[in-house]
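To be precise, the following lines are target09.txt, and they hold compact mmCIF, N, CA and C atoms.
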# COMPACT_ATOMS: atom_id res chain seq x y z
N LEU A 1 55.32 158.19 104.96
CA LEU A 1 55.72 158.61 103.62
C LEU A 1 57.17 159.07 103.59
N ASN A 2 57.60 159.72 104.65
CA ASN A 2 58.97 160.23 104.67
C ASN A 2 60.00 159.12 104.61
N ALA A 3 59.77 158.06 105.38
CA ALA A 3 60.72 156.94 105.39
C ALA A 3 60.77 156.26 104.03
N ALA A 4 59.61 156.08 103.40
CA ALA A 4 59.56 155.47 102.07
C ALA A 4 60.26 156.34 101.05
N ALA A 5 60.08 157.67 101.15
CA ALA A 5 60.74 158.59 100.23
C ALA A 5 62.25 158.58 100.43
N GLU A 6 62.67 158.46 101.67
CA GLU A 6 64.11 158.40 101.95
C GLU A 6 64.73 157.15 101.34
N LEU A 7 64.04 156.02 101.46
CA LEU A 7 64.53 154.79 100.83
C LEU A 7 64.66 154.96 99.32
N MET A 8 63.67 155.62 98.73
CA MET A 8 63.68 155.85 97.29
C MET A 8 64.87 156.73 96.90
N GLU A 9 65.12 157.78 97.68
CA GLU A 9 66.24 158.68 97.41
C GLU A 9 67.58 157.96 97.53
N GLN A 10 67.62 156.93 98.35
CA GLN A 10 68.85 156.15 98.53
C GLN A 10 69.01 155.07 97.46
N GLY A 11 68.03 154.98 96.56
CA GLY A 11 68.09 153.97 95.51
C GLY A 11 67.68 152.59 95.97
N ARG A 12 67.03 152.52 97.11
CA ARG A 12 66.57 151.24 97.65
C ARG A 12 65.10 151.03 97.22
N PHE A 13 64.96 150.79 95.91
CA PHE A 13 63.65 150.81 95.29
C PHE A 13 62.73 149.68 95.73
N GLU A 14 63.25 148.49 95.92
CA GLU A 14 62.42 147.37 96.40
C GLU A 14 61.85 147.69 97.78
N GLU A 15 62.71 148.17 98.67
CA GLU A 15 62.28 148.49 100.03
C GLU A 15 61.29 149.65 100.04
N SER A 16 61.55 150.64 99.21
CA SER A 16 60.65 151.78 99.14
C SER A 16 59.28 151.37 98.58
N ALA A 17 59.28 150.52 97.56
CA ALA A 17 58.02 150.04 97.00
C ALA A 17 57.22 149.29 98.06
N ALA A 18 57.90 148.47 98.85
CA ALA A 18 57.22 147.72 99.92
C ALA A 18 56.67 148.68 100.99
N ALA A 19 57.44 149.70 101.33
CA ALA A 19 56.98 150.67 102.33
C ALA A 19 55.76 151.43 101.82
N ASN A 20 55.78 151.80 100.54
CA ASN A 20 54.62 152.48 99.97
C ASN A 20 53.41 151.56 99.88
N ALA A 21 53.65 150.28 99.63
CA ALA A 21 52.54 149.31 99.59
C ALA A 21 51.86 149.23 100.96
N ARG A 22 52.66 149.27 102.02
CA ARG A 22 52.08 149.25 103.37
C ARG A 22 51.25 150.51 103.63
N ILE A 23 51.73 151.64 103.14
CA ILE A 23 50.98 152.89 103.29
C ILE A 23 49.67 152.79 102.53
N ILE A 24 49.71 152.30 101.31
CA ILE A 24 48.51 152.18 100.48
C ILE A 24 47.50 151.23 101.14
N GLU A 25 48.00 150.16 101.72
CA GLU A 25 47.12 149.20 102.39
C GLU A 25 46.34 149.87 103.52
N LYS A 26 47.00 150.72 104.27
CA LYS A 26 46.36 151.39 105.41
C LYS A 26 45.59 152.64 105.01
N HIS A 27 46.09 153.33 103.98
CA HIS A 27 45.51 154.61 103.56
C HIS A 27 45.42 154.64 102.03
N PRO A 28 44.40 154.00 101.46
CA PRO A 28 44.33 153.86 100.00
C PRO A 28 44.04 155.15 99.23
N ASN A 29 43.85 156.25 99.91
CA ASN A 29 43.54 157.50 99.22
C ASN A 29 44.71 158.47 99.18
N ILE A 30 45.91 158.01 99.49
CA ILE A 30 47.08 158.88 99.44
C ILE A 30 47.73 158.76 98.07
N MET A 31 47.50 159.77 97.26
CA MET A 31 47.99 159.77 95.88
C MET A 31 49.49 159.61 95.81
N LEU A 32 50.21 160.30 96.69
CA LEU A 32 51.67 160.30 96.64
C LEU A 32 52.25 158.91 96.86
N ALA A 33 51.59 158.08 97.65
CA ALA A 33 52.07 156.72 97.88
C ALA A 33 52.02 155.91 96.58
N TYR A 34 50.94 156.08 95.81
CA TYR A 34 50.84 155.39 94.52
C TYR A 34 51.89 155.92 93.55
N ASN A 35 52.04 157.25 93.51
CA ASN A 35 53.03 157.84 92.61
C ASN A 35 54.43 157.34 92.95
N ASN A 36 54.76 157.35 94.22
CA ASN A 36 56.11 156.94 94.62
C ASN A 36 56.35 155.46 94.40
N ARG A 37 55.34 154.64 94.69
CA ARG A 37 55.51 153.21 94.42
C ARG A 37 55.66 152.97 92.92
N GLY A 38 54.89 153.71 92.12
CA GLY A 38 55.03 153.61 90.67
C GLY A 38 56.42 153.99 90.22
N TYR A 39 56.98 155.04 90.81
CA TYR A 39 58.34 155.46 90.46
C TYR A 39 59.34 154.36 90.80
N ASN A 40 59.16 153.75 91.97
CA ASN A 40 60.04 152.64 92.34
C ASN A 40 59.93 151.50 91.35
N TYR A 41 58.71 151.15 90.97
CA TYR A 41 58.52 150.08 89.99
C TYR A 41 59.16 150.46 88.66
N MET A 42 59.06 151.72 88.26
CA MET A 42 59.68 152.16 87.02
C MET A 42 61.20 151.94 87.09
N GLN A 43 61.80 152.29 88.21
CA GLN A 43 63.24 152.12 88.37
C GLN A 43 63.63 150.64 88.38
N LEU A 44 62.72 149.79 88.82
CA LEU A 44 62.97 148.35 88.86
C LEU A 44 62.58 147.66 87.54
N ASN A 45 62.16 148.46 86.56
CA ASN A 45 61.75 147.97 85.25
C ASN A 45 60.50 147.09 85.33
N LYS A 46 59.67 147.33 86.32
CA LYS A 46 58.37 146.67 86.44
C LYS A 46 57.34 147.65 85.87
N LEU A 47 57.38 147.80 84.56
CA LEU A 47 56.70 148.90 83.90
C LEU A 47 55.18 148.81 83.97
N GLU A 48 54.63 147.61 83.85
CA GLU A 48 53.16 147.47 83.93
C GLU A 48 52.66 147.86 85.32
N LEU A 49 53.37 147.43 86.36
CA LEU A 49 52.99 147.79 87.72
C LEU A 49 53.11 149.30 87.93
N ALA A 50 54.15 149.89 87.37
CA ALA A 50 54.35 151.34 87.48
C ALA A 50 53.19 152.09 86.84
N ILE A 51 52.83 151.70 85.63
CA ILE A 51 51.74 152.38 84.92
C ILE A 51 50.43 152.25 85.70
N ALA A 52 50.17 151.08 86.26
CA ALA A 52 48.95 150.88 87.05
C ALA A 52 48.93 151.81 88.26
N ASP A 53 50.07 151.95 88.92
CA ASP A 53 50.13 152.85 90.09
C ASP A 53 49.97 154.31 89.67
N PHE A 54 50.58 154.70 88.57
CA PHE A 54 50.42 156.09 88.12
C PHE A 54 48.97 156.37 87.75
N ASN A 55 48.30 155.40 87.12
CA ASN A 55 46.88 155.57 86.80
C ASN A 55 46.05 155.72 88.07
N ALA A 56 46.36 154.91 89.09
CA ALA A 56 45.63 155.01 90.36
C ALA A 56 45.86 156.37 91.00
N ALA A 57 47.09 156.85 90.96
CA ALA A 57 47.42 158.15 91.54
C ALA A 57 46.66 159.26 90.82
N LEU A 58 46.59 159.18 89.50
CA LEU A 58 45.91 160.21 88.73
C LEU A 58 44.41 160.22 88.98
N LYS A 59 43.83 159.08 89.28
CA LYS A 59 42.41 159.04 89.63
C LYS A 59 42.15 159.77 90.94
N LEU A 60 43.11 159.69 91.85
CA LEU A 60 42.95 160.35 93.14
C LEU A 60 43.19 161.85 93.05
N SER A 61 44.19 162.24 92.27
CA SER A 61 44.53 163.65 92.16
C SER A 61 45.46 163.86 90.96
N PRO A 62 44.94 164.47 89.90
CA PRO A 62 45.79 164.71 88.73
C PRO A 62 46.93 165.67 89.08
N ALA A 63 48.14 165.19 88.91
CA ALA A 63 49.32 166.00 89.24
C ALA A 63 50.32 165.89 88.10
N TYR A 64 50.97 167.01 87.81
CA TYR A 64 51.94 167.06 86.71
C TYR A 64 52.99 165.97 86.84
N ILE A 65 53.56 165.81 88.03
CA ILE A 65 54.64 164.85 88.22
C ILE A 65 54.19 163.43 87.88
N THR A 66 52.95 163.11 88.20
CA THR A 66 52.44 161.77 87.91
C THR A 66 52.24 161.58 86.41
N TYR A 67 51.72 162.60 85.74
CA TYR A 67 51.60 162.51 84.28
C TYR A 67 52.99 162.33 83.66
N ASN A 68 53.95 163.06 84.17
CA ASN A 68 55.32 162.96 83.67
C ASN A 68 55.88 161.56 83.91
N ASN A 69 55.70 161.04 85.11
CA ASN A 69 56.20 159.69 85.43
C ASN A 69 55.54 158.63 84.55
N ARG A 70 54.22 158.76 84.36
CA ARG A 70 53.52 157.77 83.52
C ARG A 70 54.02 157.85 82.08
N GLY A 71 54.19 159.06 81.57
CA GLY A 71 54.69 159.22 80.21
C GLY A 71 56.08 158.64 80.04
N THR A 72 56.95 158.88 81.00
CA THR A 72 58.31 158.34 80.95
C THR A 72 58.28 156.82 80.96
N THR A 73 57.42 156.24 81.78
CA THR A 73 57.31 154.78 81.87
C THR A 73 56.81 154.19 80.56
N ILE A 74 55.81 154.83 79.96
CA ILE A 74 55.28 154.34 78.68
C ILE A 74 56.37 154.41 77.61
N LEU A 75 57.14 155.49 77.60
CA LEU A 75 58.24 155.58 76.64
C LEU A 75 59.26 154.46 76.85
N ARG A 76 59.60 154.18 78.09
CA ARG A 76 60.54 153.08 78.37
C ARG A 76 59.99 151.76 77.85
N LYS A 77 58.70 151.55 78.07
CA LYS A 77 58.08 150.31 77.62
C LYS A 77 58.14 150.19 76.10
N VAL A 78 57.83 151.27 75.42
CA VAL A 78 57.84 151.27 73.95
C VAL A 78 59.27 151.06 73.43
N TYR A 79 60.23 151.78 73.98
CA TYR A 79 61.62 151.62 73.54
C TYR A 79 62.14 150.21 73.83
N HIS A 80 61.76 149.67 74.97
CA HIS A 80 62.19 148.31 75.32
C HIS A 80 61.63 147.31 74.31
N ALA A 81 60.35 147.45 74.00
CA ALA A 81 59.73 146.53 73.04
C ALA A 81 60.39 146.68 71.67
N GLY A 82 60.70 147.92 71.27
CA GLY A 82 61.36 148.13 69.99
C GLY A 82 62.76 147.57 69.96
N ALA A 83 63.46 147.69 71.07
CA ALA A 83 64.83 147.16 71.15
C ALA A 83 64.83 145.65 71.05
N LEU A 84 63.85 145.00 71.63
CA LEU A 84 63.78 143.55 71.59
C LEU A 84 63.66 143.03 70.15
N THR A 85 62.98 143.78 69.29
CA THR A 85 62.84 143.33 67.91
C THR A 85 64.17 143.34 67.18
N GLN A 86 65.14 144.09 67.65
CA GLN A 86 66.45 144.17 66.99
C GLN A 86 67.30 142.93 67.23
N PHE A 87 66.88 142.09 68.17
CA PHE A 87 67.65 140.89 68.48
C PHE A 87 67.13 139.64 67.78
N SER A 88 66.07 139.80 67.01
CA SER A 88 65.55 138.64 66.27
C SER A 88 65.85 138.81 64.79
N THR A 89 65.91 137.71 64.10
CA THR A 89 66.24 137.78 62.67
C THR A 89 65.04 137.51 61.82
This entry written out as structure tokens:
Amino acid sequence: LNAAAELMEQGRFEESAAANARIIEKHPNIMLAYNNRGYNYMQLNKLELAIADFNAALKLSPAYITYNNRGTTILRKVYHAGALTQFST
């Protein structure tokens, strides 16, 4: 988890997401791995994947940070969808 978190702190979101995926594969009950992978996906604008990971994390252990991350991701998704409508006539 520490190495994956360090990658995330360095802004290496693809690598961090992959590292967290390996952790989840071996230890599917680690909530923080789902939360962190979701955060990486959010930063990569992979919003559906992020929301799915935050939901999985919350099933394992409801945590404020995960609720916050999920809410932020949903807002990004809504704003993105709204912005797209401004480009059509």
DSSP-assigned helix (DSSP H, G or I) among chain A, expressed as a short mmCIF file (atom, residue, chain, number, x, y, z; two decimals) with N, CA and C atoms, in the frame of the given file:
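Here's the written file selection-v8.cif:
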data_model
loop_
_atom_site.label_atom_id
_atom_site.label_comp_id
_atom_site.auth_asym_id
_atom_site.auth_seq_id
_atom_site.Cartn_x
_atom_site.Cartn_y
_atom_site.Cartn_z
N ASN A 2 57.60 159.72 104.65
CA ASN A 2 58.97 160.23 104.67
C ASN A 2 60.00 159.12 104.61
N ALA A 3 59.77 158.06 105.38
CA ALA A 3 60.72 156.94 105.39
C ALA A 3 60.77 156.26 104.03
N ALA A 4 59.61 156.08 103.40
CA ALA A 4 59.56 155.47 102.07
C ALA A 4 60.26 156.34 101.05
N ALA A 5 60.08 157.67 101.15
CA ALA A 5 60.74 158.59 100.23
C ALA A 5 62.25 158.58 100.43
N GLU A 6 62.67 158.46 101.67
CA GLU A 6 64.11 158.40 101.95
C GLU A 6 64.73 157.15 101.34
N LEU A 7 64.04 156.02 101.46
CA LEU A 7 64.53 154.79 100.83
C LEU A 7 64.66 154.96 99.32
N MET A 8 63.67 155.62 98.73
CA MET A 8 63.68 155.85 97.29
C MET A 8 64.87 156.73 96.90
N GLU A 9 65.12 157.78 97.68
CA GLU A 9 66.24 158.68 97.41
C GLU A 9 67.58 157.96 97.53
N PHE A 13 64.96 150.79 95.91
CA PHE A 13 63.65 150.81 95.29
C PHE A 13 62.73 149.68 95.73
N GLU A 14 63.25 148.49 95.92
CA GLU A 14 62.42 147.37 96.40
C GLU A 14 61.85 147.69 97.78
N GLU A 15 62.71 148.17 98.67
CA GLU A 15 62.28 148.49 100.03
C GLU A 15 61.29 149.65 100.04
N SER A 16 61.55 150.64 99.21
CA SER A 16 60.65 151.78 99.14
C SER A 16 59.28 151.37 98.58
N ALA A 17 59.28 150.52 97.56
CA ALA A 17 58.02 150.04 97.00
C ALA A 17 57.22 149.29 98.06
N ALA A 18 57.90 148.47 98.85
CA ALA A 18 57.22 147.72 99.92
C ALA A 18 56.67 148.68 100.99
N ALA A 19 57.44 149.70 101.33
CA ALA A 19 56.98 150.67 102.33
C ALA A 19 55.76 151.43 101.82
N ASN A 20 55.78 151.80 100.54
CA ASN A 20 54.62 152.48 99.97
C ASN A 20 53.41 151.56 99.88
N ALA A 21 53.65 150.28 99.63
CA ALA A 21 52.54 149.31 99.59
C ALA A 21 51.86 149.23 100.96
N ARG A 22 52.66 149.27 102.02
CA ARG A 22 52.08 149.25 103.37
C ARG A 22 51.25 150.51 103.63
N ILE A 23 51.73 151.64 103.14
CA ILE A 23 50.98 152.89 103.29
C ILE A 23 49.67 152.79 102.53
N ILE A 24 49.71 152.30 101.31
CA ILE A 24 48.51 152.18 100.48
C ILE A 24 47.50 151.23 101.14
N GLU A 25 48.00 150.16 101.72
CA GLU A 25 47.12 149.20 102.39
C GLU A 25 46.34 149.87 103.52
N LYS A 26 47.00 150.72 104.27
CA LYS A 26 46.36 151.39 105.41
C LYS A 26 45.59 152.64 105.01
N MET A 31 47.50 159.77 97.26
CA MET A 31 47.99 159.77 95.88
C MET A 31 49.49 159.61 95.81
N LEU A 32 50.21 160.30 96.69
CA LEU A 32 51.67 160.30 96.64
C LEU A 32 52.25 158.91 96.86
N ALA A 33 51.59 158.08 97.65
CA ALA A 33 52.07 156.72 97.88
C ALA A 33 52.02 155.91 96.58
N TYR A 34 50.94 156.08 95.81
CA TYR A 34 50.84 155.39 94.52
C TYR A 34 51.89 155.92 93.55
N ASN A 35 52.04 157.25 93.51
CA ASN A 35 53.03 157.84 92.61
C ASN A 35 54.43 157.34 92.95
N ASN A 36 54.76 157.35 94.22
CA ASN A 36 56.11 156.94 94.62
C ASN A 36 56.35 155.46 94.40
N ARG A 37 55.34 154.64 94.69
CA ARG A 37 55.51 153.21 94.42
C ARG A 37 55.66 152.97 92.92
N GLY A 38 54.89 153.71 92.12
CA GLY A 38 55.03 153.61 90.67
C GLY A 38 56.42 153.99 90.22
N TYR A 39 56.98 155.04 90.81
CA TYR A 39 58.34 155.46 90.46
C TYR A 39 59.34 154.36 90.80
N ASN A 40 59.16 153.75 91.97
CA ASN A 40 60.04 152.64 92.34
C ASN A 40 59.93 151.50 91.35
N TYR A 41 58.71 151.15 90.97
CA TYR A 41 58.52 150.08 89.99
C TYR A 41 59.16 150.46 88.66
N MET A 42 59.06 151.72 88.26
CA MET A 42 59.68 152.16 87.02
C MET A 42 61.20 151.94 87.09
N GLN A 43 61.80 152.29 88.21
CA GLN A 43 63.24 152.12 88.37
C GLN A 43 63.63 150.64 88.38
N LEU A 47 57.38 147.80 84.56
CA LEU A 47 56.70 148.90 83.90
C LEU A 47 55.18 148.81 83.97
N GLU A 48 54.63 147.61 83.85
CA GLU A 48 53.16 147.47 83.93
C GLU A 48 52.66 147.86 85.32
N LEU A 49 53.37 147.43 86.36
CA LEU A 49 52.99 147.79 87.72
C LEU A 49 53.11 149.30 87.93
N ALA A 50 54.15 149.89 87.37
CA ALA A 50 54.35 151.34 87.48
C ALA A 50 53.19 152.09 86.84
N ILE A 51 52.83 151.70 85.63
CA ILE A 51 51.74 152.38 84.92
C ILE A 51 50.43 152.25 85.70
N ALA A 52 50.17 151.08 86.26
CA ALA A 52 48.95 150.88 87.05
C ALA A 52 48.93 151.81 88.26
N ASP A 53 50.07 151.95 88.92
CA ASP A 53 50.13 152.85 90.09
C ASP A 53 49.97 154.31 89.67
N PHE A 54 50.58 154.70 88.57
CA PHE A 54 50.42 156.09 88.12
C PHE A 54 48.97 156.37 87.75
N ASN A 55 48.30 155.40 87.12
CA ASN A 55 46.88 155.57 86.80
C ASN A 55 46.05 155.72 88.07
N ALA A 56 46.36 154.91 89.09
CA ALA A 56 45.63 155.01 90.36
C ALA A 56 45.86 156.37 91.00
N ALA A 57 47.09 156.85 90.96
CA ALA A 57 47.42 158.15 91.54
C ALA A 57 46.66 159.26 90.82
N LEU A 58 46.59 159.18 89.50
CA LEU A 58 45.91 160.21 88.73
C LEU A 58 44.41 160.22 88.98
N LYS A 59 43.83 159.08 89.28
CA LYS A 59 42.41 159.04 89.63
C LYS A 59 42.15 159.77 90.94
N LEU A 60 43.11 159.69 91.85
CA LEU A 60 42.95 160.35 93.14
C LEU A 60 43.19 161.85 93.05
N TYR A 64 50.97 167.01 87.81
CA TYR A 64 51.94 167.06 86.71
C TYR A 64 52.99 165.97 86.84
N ILE A 65 53.56 165.81 88.03
CA ILE A 65 54.64 164.85 88.22
C ILE A 65 54.19 163.43 87.88
N THR A 66 52.95 163.11 88.20
CA THR A 66 52.44 161.77 87.91
C THR A 66 52.24 161.58 86.41
N TYR A 67 51.72 162.60 85.74
CA TYR A 67 51.60 162.51 84.28
C TYR A 67 52.99 162.33 83.66
N ASN A 68 53.95 163.06 84.17
CA ASN A 68 55.32 162.96 83.67
C ASN A 68 55.88 161.56 83.91
N ASN A 69 55.70 161.04 85.11
CA ASN A 69 56.20 159.69 85.43
C ASN A 69 55.54 158.63 84.55
N ARG A 70 54.22 158.76 84.36
CA ARG A 70 53.52 157.77 83.52
C ARG A 70 54.02 157.85 82.08
N GLY A 71 54.19 159.06 81.57
CA GLY A 71 54.69 159.22 80.21
C GLY A 71 56.08 158.64 80.04
N THR A 72 56.95 158.88 81.00
CA THR A 72 58.31 158.34 80.95
C THR A 72 58.28 156.82 80.96
N THR A 73 57.42 156.24 81.78
CA THR A 73 57.31 154.78 81.87
C THR A 73 56.81 154.19 80.56
N ILE A 74 55.81 154.83 79.96
CA ILE A 74 55.28 154.34 78.68
C ILE A 74 56.37 154.41 77.61
N LEU A 75 57.14 155.49 77.60
CA LEU A 75 58.24 155.58 76.64
C LEU A 75 59.26 154.46 76.85
N ARG A 76 59.60 154.18 78.09
CA ARG A 76 60.54 153.08 78.37
C ARG A 76 59.99 151.76 77.85
N LYS A 77 58.70 151.55 78.07
CA LYS A 77 58.08 150.31 77.62
C LYS A 77 58.14 150.19 76.10
N VAL A 78 57.83 151.27 75.42
CA VAL A 78 57.84 151.27 73.95
C VAL A 78 59.27 151.06 73.43
N TYR A 79 60.23 151.78 73.98
CA TYR A 79 61.62 151.62 73.54
C TYR A 79 62.14 150.21 73.83
N HIS A 80 61.76 149.67 74.97
CA HIS A 80 62.19 148.31 75.32
C HIS A 80 61.63 147.31 74.31
N ALA A 81 60.35 147.45 74.00
CA ALA A 81 59.73 146.53 73.04
C ALA A 81 60.39 146.68 71.67
N GLY A 82 60.70 147.92 71.27
CA GLY A 82 61.36 148.13 69.99
C GLY A 82 62.76 147.57 69.96
N ALA A 83 63.46 147.69 71.07
CA ALA A 83 64.83 147.16 71.15
C ALA A 83 64.83 145.65 71.05
N LEU A 84 63.85 145.00 71.63
CA LEU A 84 63.78 143.55 71.59
C LEU A 84 63.66 143.03 70.15
N THR A 85 62.98 143.78 69.29
CA THR A 85 62.84 143.33 67.91
C THR A 85 64.17 143.34 67.18
#
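All residues of protein, DNA or RNA that reach within 7 Å of stretch 53-67 of chain A, judged by all atoms listed in the file and not counting those fewer than 5 positions away in the chain, are Asn29, Ile30, Met31, Leu32, Tyr34, Asn35, Arg37, Gly38, Tyr39, Glu48 and Thr72 of chain A.
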> In file coordinates, which residues lie within 8 Å of (59.6, 152.3, 100.7) using all atoms listed in the file, given as a ChimeraX atom specification?
Replying inline: /A:1-8,12-22,36-37
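Pairwise distance (atom CA of A:Asn45, atom N of A:Pro28) equals 24.5 Å.
Pairwise distance (atom CA of A:Asn69, atom CA of A:Ala50) equals 8.8 Å.
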> In Å, with one decimal, what is the gap from atom N of A:Leu75 to atom C of A:Lys46?
Replying inline: 11.4 Å
